[in-house]
Amino acid sequence: MSSSINNNVLLVLVVGVLTISVLGTIFSISSLDASDQPTGLATTGSGTVTLAIESYVAIVVDDNTIDFGTCQLVSTGNTLFNSTLDDTAANGANNSLCSGGEILTFPSNITIRNSGTLDANLTFNASIAAGNANGTDMFGTAGSSWYYVFSEDAGDPCDDGTGVLTSAWTEVTGATTNNLAACTNFTIASKAGAPSSVLAFDFAAVVAPGSTNTDTLDLTFEAIAAS
């Protein structure tokens, strides 16, 4: 009788232990589904995180104003040639007829920096509508015209063998006021081997006597990924 009771008690204890073990396992597994709760903490070893930085095209326009000041044009003689690069009469300029603005601090220019992670095809647009870049709508006199040119910093970010730079004075006509060429491959600073990647825009105007226009010419520089 004693042996039978002991066996029964033992059986009940075994069943009880198994039940508790199964219920505990089910509870532990269900707890793993809670993603907002930690399931463990590593006290040794290391981990690796990979971060991908997307490539992008970006430019910054600095020194974004060229101010020739006020010019009194002569009524006879040669036309007035204003250049941001050269204001000496010996080289054809006649800026002595101008006052105010930046006339005493030339050369002056607008600078464009490649601040993105990709090489860029740089162009610009003029605010003068197509067909009116020269002549009466811009300067008040049909004999007037304007030109532009780009130069590089010491890193040669465009003229590095892969880009075409508009490095000679280029006349703007009525048909070419949009998407004017600047640099077909404006490289980032690391490729140029310099701490910066900068192009400078310079402006020149041949203004005929009798012109009276005082409007501002707005330029918009645009960049897309170089092909």
# chains A, B, ... in the order shown; residues from 1 in each chain; ligands from 1
call {"tool": "residues_around", "arguments": {"residues": "Ala182 in chain A", "least_positions_apart": "5", "cutoff": "6 Å", "atoms": "only C-alpha atoms", "output": "list in words"}}
result
Leu122, Thr123, Leu165 and Thr166 of chain A
call {"tool": "write_last_selection", "arguments": {"atoms": "C-alpha atoms", "output": "PDB file, in the first residue's frame"}}
result
ATOM      1  CA  LEU A 122      26.639  73.618 -65.616  1.00  0.00           C
ATOM      2  CA  THR A 123      24.579  76.051 -67.717  1.00  0.00           C
ATOM      3  CA  LEU A 165      34.820  75.225 -70.386  1.00  0.00           C
ATOM      4  CA  THR A 166      33.528  78.426 -72.000  1.00  0.00           C
TER       5      THR A 166
END
call {"tool": "closest_residue", "arguments": {"among": "A:Thr43, A:Thr173, A:Thr117, A:Ser145", "to": "Phe186 in chain A", "atoms": "only C-alpha atoms"}}
result
A:Thr117
call {"tool": "select_by_dssp", "arguments": {"residues": "range 144-208 of chain A", "states": "strand (DSSP E or B)", "output": "PDB file with C-alpha atoms, in the first residue's frame"}}
result
ATOM      1  CA  SER A 145      25.655  93.662 -76.971  1.00  0.00           C
ATOM      2  CA  TRP A 146      26.972  91.624 -74.051  1.00  0.00           C
ATOM      3  CA  TYR A 147      29.448  88.794 -73.568  1.00  0.00           C
ATOM      4  CA  TYR A 148      30.389  86.301 -70.893  1.00  0.00           C
ATOM      5  CA  VAL A 149      33.314  84.068 -69.979  1.00  0.00           C
ATOM      6  CA  PHE A 150      34.173  81.552 -67.240  1.00  0.00           C
ATOM      7  CA  SER A 151      37.483  80.975 -65.487  1.00  0.00           C
ATOM      8  CA  GLU A 152      38.615  78.285 -63.022  1.00  0.00           C
ATOM      9  CA  LEU A 165      34.820  75.225 -70.386  1.00  0.00           C
ATOM     10  CA  THR A 170      31.138  84.547 -75.950  1.00  0.00           C
ATOM     11  CA  GLU A 171      28.513  86.902 -77.329  1.00  0.00           C
ATOM     12  CA  VAL A 172      24.936  86.357 -76.212  1.00  0.00           C
ATOM     13  CA  LEU A 180      24.034  79.051 -72.097  1.00  0.00           C
ATOM     14  CA  ALA A 181      27.142  76.892 -71.903  1.00  0.00           C
ATOM     15  CA  ALA A 182      29.424  77.084 -68.874  1.00  0.00           C
ATOM     16  CA  CYS A 183      31.146  73.758 -68.127  1.00  0.00           C
ATOM     17  CA  THR A 184      30.148  70.313 -69.356  1.00  0.00           C
ATOM     18  CA  ASN A 185      31.881  68.481 -66.496  1.00  0.00           C
ATOM     19  CA  PHE A 186      32.147  70.601 -63.351  1.00  0.00           C
ATOM     20  CA  VAL A 198      35.036  77.006 -58.132  1.00  0.00           C
ATOM     21  CA  LEU A 199      34.180  78.619 -61.462  1.00  0.00           C
ATOM     22  CA  ALA A 200      34.019  82.393 -61.913  1.00  0.00           C
ATOM     23  CA  PHE A 201      31.529  84.096 -64.253  1.00  0.00           C
ATOM     24  CA  ASP A 202      32.552  87.423 -65.805  1.00  0.00           C
ATOM     25  CA  PHE A 203      30.500  89.882 -67.818  1.00  0.00           C
ATOM     26  CA  ALA A 204      31.331  92.436 -70.505  1.00  0.00           C
ATOM     27  CA  ALA A 205      29.075  94.874 -72.310  1.00  0.00           C
ATOM     28  CA  VAL A 206      29.581  96.861 -75.465  1.00  0.00           C
ATOM     29  CA  VAL A 207      27.121  99.693 -75.014  1.00  0.00           C
TER      30      VAL A 207
END
call {"tool": "atom_distance", "arguments": {"atom1": "CA of Gly116 in chain A", "atom2": "CA of Ser196 in chain A"}}
result
11.4 Å
call {"tool": "residues_around", "arguments": {"residues": "Ala226 in chain A", "least_positions_apart": "2", "cutoff": "6 Å", "atoms": "only C-alpha atoms", "output": "list in words"}}
result
Asp119, Ala120, Asn121 and Asn185 of chain A
call {"tool": "select_by_dssp", "arguments": {"residues": "range 134-223 of chain A", "states": "alpha helix (DSSP H)", "output": "PyMOL selection string"}}
result
chain A and resi 136-139+189-192
